[in-house]
Amino acid sequence: MLSTFLDHQWKSFWRSRSKGGNIAGQIVLGFFLLYFLAIAVGVGFGMAPLLPKIFPNQDAITSFNGIILYYFALDFVMRLQLQELPTLSIIPYLHLKISKSKIISFLNVKALFSAFNLWPLFIFLPFCFVKIAPTYGAFTTLMYLISILSIMVFNNYLVLYIKRKSITNVMYTFAGLVIIAAFAALEYYKVISIMKGSDYVFRAIATHPYLGFVFTIIAFGIFTFNANFLRRNLYVEELSSKQEKKVSTDYAFLNRFGKVGELAALELKLILRHKRPRSAVILGFFFLFYGFIFYKEKAINADAFGQMMFGAIFMTGISIIIYGQFMFAWQSAHFDGLLSNKINFKDFIKAKFLLFTISCTIITLLASFYGFLSPKLLLLHLAAYLYNVGFGTVVVLYLATLNYKRLDIKKAATFNYQGTGATQWLLMFPYVLTPILIYVPFGIMNKPYWGLIAVSIFGLAMLLMRGFWVNYITKRFQLKRYKIAEGFRE
Amino acid sequence: MILEVKNLQKVYGDKTVVNIQDLQIAAGETVGLVGNNGAGKTTFFRMLLDLIRPTQGEVLSKGQNVMQNDEWKNYTASFLDEGFLIDYLTPEEYFTFIGSLHNLSVADVSDYLTQYTEFFNGEIINSGKYIRDFSKGNQNKVGIAAALMQNPEILILDEPFANLDPTTQIRLKKLLKEHKGNMTTFISSHDLNHVTDVCSRIILVEKGQIIKDFKTDENTLKELESYFSA
């Protein structure tokens with residue numbers, strides 16, 4: 001029976017409407033997955049040589065032991081936000097002659113098919129074989145693996161239970177991240193050490209390998225707990241997240257923009273009330289830390305803005321890039337309504353510009369904490385901001401008129417590539433390359449600040465030309481609307 | 001003539017879905033469009049609303065081609081399907097939004113909605129739900145009420161009676177019959193009883209073409225029944 005279920009799942013995955021055609025998109029996607037996988041494997045194998053460098057005062061195994069609990073704490077918080085409840089897929093089976101226990105075991109097995117249950121394998125396993133096995137021998141290694149997999153399973157089912165009870169929301173995830181960060185800070189200032197605790201636990205497993213089964217027992221406990229909960233509450237409306245009372249809201253600050261503000265408010269509600277755009281927004285905030293990868297001390301000291309440009313554009317423009325890549329398609333479910341109502345297309349386009357400008361401004365202000373690294377970065381951000389608001393918005397909206405793919409925004413964003421087409425990938429090229437190309441000649445002439453000024457002037461000029469761009473995009477929209485509407489109806 | 005359709009054609013591949021040579025609708029008429037599934041009713045309505053580009057021909061609203069300018073949107077209200085609803089809003093938000101497009105204040109809108117208390121049967125307003133969480137019937141009610149709220153000169157509804165409970169069907173008929181002003185109504189329906197009851201003129205379509213176009217009288221229902229049972 002279980003295999004039949006999984007077979008159906010397999011079919012539903014491959015036969016889903018959004019899958020068809022679009023091979024190019026899937027290939028690119030495949031590359032991305034491979035890329036992430038490669039990173040995970042790289043981290044896994046890189047851990048042995050890198051850990052002593054990052055934590056020079058202790059041996060690699062201590063450091064390894066130390067990070068395991070940190071990883072799973074982070075894993076737990078991320079799961080809270082991103083892991084999906086495998087509930088809806090059972091509806092067609094509930095009324096058939098299939099015993100409840102079979103449906104439950106299907107739900108439980110299906111829950112294991114999550115990327116979160118893949119990463120630990122790639123990240124921790126290599127180190128276990130490379131370092132733990134030679135030091136402690138085969139049995140201990142096995143118990144290490146069992147412990148790690150048990151914690152993973154524990155996290156998996158605990159999160160599902162919490163989500164089923166609907167005792168979670170974005171704030172908890174955020175709070176969790178803050179708590180982890182706080183512990184990391186305390187660790188850094190040597191007040192409390194989770195790493196020591198984590199090390200202590202895994203040392204214990206190294207000396208008394210049987211202790212590893214404690215994790216297994218706990219994991220099994222939570223699994224049974226979850227299964228029992230399911231058995232008692234196998235009603236779809238109870239299993240999917242609970243309905244809270246919805247209230248009408250009014251965004252007063254947008255009112256001053258008149259009809260354009262109305263439309264922008266409409267879209268703001270769209271973002272906040274759907275899972276997919278909402279996760280996109282949260283992702284955008286995570287990208288605020290992207291700068292730490294790009295802003296190397298060396299680059300900052302050398303004024304190598306060209307290298308850092310990509311990071312700056314991406315970070316400050318993340319809302320435009322992420323939200324803009326599916327532009328118009330977010331509204332595909334009610335696109336006919338938008339067209340047939342008394343909405344001026346120009347206002348419609350203006351509302352998009354307004355929303356982009358507001359969000360980009362907020363993100364740029366938030367990103368100004370990089371000023372502590374070096375005030376120069378603020379100049380870089382200003383240039384990137386002007387570019388994003390001035391020209392990035394235009395690129396995104398122009399490409400939006402070429403996007404005819406319906407998007408089902410009720411589904412979550414993680415690993416959901418529905419509505420993704422070649423446009424989305426193409427978007428990145430003109431968007432990111434333009435400012436870099438403007439900067440490059442100045443970089444070569446070793447006039448980095450002139451380069452920043454050039455990018456800023458370009459952005460500012462485009463911003464001043466906004467009236468023209470609004471008209472231009474509106475014209476294109478008017479031309480393409482039938483085709484867009486047709487695509488969205490499918 | 002408030003609505004004129006001239007030589008309107010829509011072709012998908014080698015299939016002609018809509019092919020209407022000439023259709024004139026005078027102001028104040030209540031016109032019912034009947035026909036089996038696939039007769040092209042919805043496609044035709046979509047072309048009336050400039051949602052689909054006709055392969056050929058034109059739709060004139062007060063003499064102006066609907067494709068050329070948006071003037072018609074000022075006096076035309078429509079509800080074809082849930083695709084017309086912004087389903088992540090509460091009904092109140094949706095009504096307010098639609099109202100604001102026609103320069104109605106929040107007070108105007110809530111004032112207007114009080115006359116629909118009966119129609120909504122206490123399930124729509126202050127329900128604490130988004131439109132997407134409503135049943136199809138209640139979604140229909142929201143769409144129809146929002147269309148009527150615009151106080152349109154032309155009202156276009158696609159199968160307004162579908163998914164509605166009997167009480168509401170009767171109330172809707174009453175609403176459509178009594179709606180004040182010189183409103184031109186264009187509805188499609190599979191329910192021959194209702195459509196003959198409400199409409200003063202019936203247009204029968206098959207395979208995209210107008211087969212019959214006549215004024216309703218006491219024999220109309222029988223005629224239609226015999227046509228569809230044949």
# chains A, B, ... in the order shown; residues from 1 in each chain; ligands from 1
call {"tool": "interface_residues", "arguments": {"of": "chain B", "to": "chain A", "cutoff": "8 Å", "atoms": "only C-alpha atoms", "output": "PyMOL selection string"}}
result
chain B and resi 49-53+70+73-74+77-78+82-90+92-93+97-98+100-102+128-130
call {"tool": "residues_around", "arguments": {"residues": "Thr167 (chain B)", "least_positions_apart": "2", "cutoff": "12 Å", "atoms": "only C-alpha atoms", "output": "ChimeraX atom specification"}}
result
/B:118-121,137,161,163-165,169-174
call {"tool": "select_by_dssp", "arguments": {"residues": "region 182-322 of chain A", "states": "alpha helix (DSSP H)", "output": "mmCIF file with C-alpha atoms, in the first residue's frame"}}
result
data_model
loop_
_atom_site.group_PDB
_atom_site.id
_atom_site.type_symbol
_atom_site.label_atom_id
_atom_site.label_comp_id
_atom_site.auth_asym_id
_atom_site.auth_seq_id
_atom_site.Cartn_x
_atom_site.Cartn_y
_atom_site.Cartn_z
ATOM 1 C CA ALA A 182 22.475 35.406 21.284
ATOM 2 C CA PHE A 183 23.979 32.073 22.276
ATOM 3 C CA ALA A 184 26.609 32.463 19.589
ATOM 4 C CA ALA A 185 27.433 35.878 21.021
ATOM 5 C CA LEU A 186 27.606 34.503 24.553
ATOM 6 C CA GLU A 187 29.827 31.781 23.174
ATOM 7 C CA TYR A 188 32.059 34.386 21.606
ATOM 8 C CA ILE A 194 26.856 25.514 23.859
ATOM 9 C CA MET A 195 29.812 24.198 21.947
ATOM 10 C CA LYS A 196 31.270 22.840 25.184
ATOM 11 C CA GLY A 197 27.904 21.283 25.989
ATOM 12 C CA SER A 198 27.629 19.790 22.538
ATOM 13 C CA ASP A 199 31.180 18.551 22.793
ATOM 14 C CA TYR A 200 30.471 17.064 26.221
ATOM 15 C CA VAL A 201 27.504 15.137 24.843
ATOM 16 C CA PHE A 202 29.385 13.719 21.907
ATOM 17 C CA ARG A 203 32.487 12.987 23.989
ATOM 18 C CA ALA A 204 30.200 10.878 26.084
ATOM 19 C CA ILE A 205 29.124 9.003 22.979
ATOM 20 C CA ALA A 206 32.749 8.545 22.005
ATOM 21 C CA THR A 207 33.581 6.986 25.358
ATOM 22 C CA GLY A 212 23.928 7.219 21.240
ATOM 23 C CA PHE A 213 20.769 5.173 21.522
ATOM 24 C CA VAL A 214 19.379 7.760 23.918
ATOM 25 C CA PHE A 215 18.900 10.020 20.899
ATOM 26 C CA THR A 216 17.285 7.182 19.029
ATOM 27 C CA ILE A 217 14.893 6.562 21.894
ATOM 28 C CA ILE A 218 13.962 10.238 22.072
ATOM 29 C CA ALA A 219 13.515 10.377 18.318
ATOM 30 C CA PHE A 220 11.356 7.284 18.396
ATOM 31 C CA GLY A 221 9.398 8.845 21.237
ATOM 32 C CA ILE A 222 8.561 11.966 19.279
ATOM 33 C CA PHE A 223 7.778 9.854 16.229
ATOM 34 C CA THR A 224 5.261 7.781 18.187
ATOM 35 C CA PHE A 225 3.874 10.886 19.791
ATOM 36 C CA ASN A 226 3.338 12.440 16.384
ATOM 37 C CA ALA A 227 1.803 9.259 14.983
ATOM 38 C CA ASN A 228 -0.606 9.016 17.922
ATOM 39 C CA PHE A 229 -1.589 12.608 17.464
ATOM 40 C CA LEU A 230 -2.313 11.891 13.815
ATOM 41 C CA ARG A 231 -4.343 8.815 14.696
ATOM 42 C CA ARG A 232 -6.549 10.812 17.015
ATOM 43 C CA VAL A 236 -7.936 17.255 7.160
ATOM 44 C CA GLU A 237 -9.454 20.454 8.474
ATOM 45 C CA GLU A 238 -7.896 19.766 11.854
ATOM 46 C CA LEU A 239 -4.535 18.770 10.486
ATOM 47 C CA ALA A 252 -2.881 54.695 5.933
ATOM 48 C CA PHE A 253 0.588 55.677 4.744
ATOM 49 C CA LEU A 254 -0.286 54.561 1.206
ATOM 50 C CA ASN A 255 -3.479 56.599 1.059
ATOM 51 C CA GLY A 258 -4.448 58.047 -4.231
ATOM 52 C CA LYS A 259 -5.442 55.288 -6.662
ATOM 53 C CA VAL A 260 -1.832 54.244 -7.080
ATOM 54 C CA GLY A 261 -1.631 53.840 -3.311
ATOM 55 C CA GLU A 262 -4.794 51.711 -3.339
ATOM 56 C CA LEU A 263 -3.227 49.378 -5.845
ATOM 57 C CA ALA A 264 0.030 49.255 -3.922
ATOM 58 C CA ALA A 265 -1.875 48.445 -0.723
ATOM 59 C CA LEU A 266 -3.643 45.675 -2.589
ATOM 60 C CA GLU A 267 -0.334 44.203 -3.573
ATOM 61 C CA LEU A 268 1.103 44.592 -0.100
ATOM 62 C CA LYS A 269 -1.778 42.519 1.201
ATOM 63 C CA LEU A 270 -1.108 39.975 -1.495
ATOM 64 C CA ILE A 271 2.459 39.657 -0.275
ATOM 65 C CA LEU A 272 1.591 39.414 3.386
ATOM 66 C CA LYS A 275 2.915 31.901 1.846
ATOM 67 C CA ARG A 276 5.016 32.111 -1.245
ATOM 68 C CA PRO A 277 5.575 35.856 -1.472
ATOM 69 C CA ARG A 278 5.868 35.996 2.291
ATOM 70 C CA SER A 279 8.695 33.479 2.336
ATOM 71 C CA ALA A 280 10.270 35.458 -0.491
ATOM 72 C CA VAL A 281 10.230 38.534 1.722
ATOM 73 C CA ILE A 282 11.761 36.660 4.638
ATOM 74 C CA LEU A 283 14.409 35.284 2.311
ATOM 75 C CA GLY A 284 15.098 38.863 1.307
ATOM 76 C CA PHE A 285 15.914 39.744 4.906
ATOM 77 C CA PHE A 286 18.290 36.816 5.154
ATOM 78 C CA GLY A 291 27.411 41.314 2.276
ATOM 79 C CA PHE A 292 29.607 39.414 4.716
ATOM 80 C CA ILE A 293 30.517 37.097 1.846
ATOM 81 C CA PHE A 294 31.320 39.880 -0.588
ATOM 82 C CA GLU A 297 38.573 43.446 4.206
ATOM 83 C CA LYS A 298 41.029 43.250 1.358
ATOM 84 C CA ALA A 299 38.479 44.409 -1.172
ATOM 85 C CA ILE A 300 37.337 47.238 1.073
ATOM 86 C CA ASN A 301 40.858 48.483 1.652
ATOM 87 C CA PHE A 305 33.980 48.245 -5.650
ATOM 88 C CA GLY A 306 33.685 46.233 -8.855
ATOM 89 C CA GLN A 307 34.030 43.001 -6.902
ATOM 90 C CA MET A 308 31.571 44.124 -4.296
ATOM 91 C CA MET A 309 29.099 45.638 -6.742
ATOM 92 C CA PHE A 310 27.282 42.368 -7.340
ATOM 93 C CA GLY A 311 26.744 41.830 -3.646
ATOM 94 C CA ALA A 312 25.538 45.390 -3.123
ATOM 95 C CA ILE A 313 23.130 45.337 -6.071
ATOM 96 C CA PHE A 314 21.786 41.998 -5.065
ATOM 97 C CA MET A 315 21.390 42.868 -1.423
ATOM 98 C CA THR A 316 19.759 46.270 -1.761
ATOM 99 C CA ILE A 318 16.646 41.831 -3.424
ATOM 100 C CA SER A 319 13.012 42.806 -3.090
ATOM 101 C CA ILE A 320 12.927 43.999 -6.674
ATOM 102 C CA ILE A 321 14.689 40.918 -7.973
ATOM 103 C CA ILE A 322 12.803 38.311 -5.981
#
call {"tool": "decode", "arguments": {"residues": "region 140-161 of chain B", "atoms": "C-alpha atoms", "output": "PDB file, in the first residue's frame"}}
result
ATOM      1  CA  ASN B 140     -20.489  34.297  -6.212  1.00  0.00           C
ATOM      2  CA  LYS B 141     -22.535  36.529  -3.959  1.00  0.00           C
ATOM      3  CA  VAL B 142     -19.540  38.748  -3.274  1.00  0.00           C
ATOM      4  CA  GLY B 143     -18.785  39.048  -6.980  1.00  0.00           C
ATOM      5  CA  ILE B 144     -22.372  39.829  -7.920  1.00  0.00           C
ATOM      6  CA  ALA B 145     -22.835  42.371  -5.140  1.00  0.00           C
ATOM      7  CA  ALA B 146     -19.548  44.065  -6.046  1.00  0.00           C
ATOM      8  CA  ALA B 147     -20.684  44.298  -9.661  1.00  0.00           C
ATOM      9  CA  LEU B 148     -24.066  45.769  -8.729  1.00  0.00           C
ATOM     10  CA  MET B 149     -22.432  48.216  -6.351  1.00  0.00           C
ATOM     11  CA  GLN B 150     -20.752  49.938  -9.274  1.00  0.00           C
ATOM     12  CA  ASN B 151     -24.236  51.033 -10.332  1.00  0.00           C
ATOM     13  CA  PRO B 152     -23.407  50.100 -13.901  1.00  0.00           C
ATOM     14  CA  GLU B 153     -25.223  50.870 -17.106  1.00  0.00           C
ATOM     15  CA  ILE B 154     -24.110  47.514 -18.438  1.00  0.00           C
ATOM     16  CA  LEU B 155     -23.991  44.463 -16.209  1.00  0.00           C
ATOM     17  CA  ILE B 156     -22.454  41.224 -17.427  1.00  0.00           C
ATOM     18  CA  LEU B 157     -22.792  38.055 -15.359  1.00  0.00           C
ATOM     19  CA  ASP B 158     -21.743  34.555 -16.344  1.00  0.00           C
ATOM     20  CA  GLU B 159     -23.987  31.908 -14.813  1.00  0.00           C
ATOM     21  CA  PRO B 160     -24.903  33.971 -11.782  1.00  0.00           C
ATOM     22  CA  PHE B 161     -27.332  31.350 -10.486  1.00  0.00           C
TER      23      PHE B 161
END
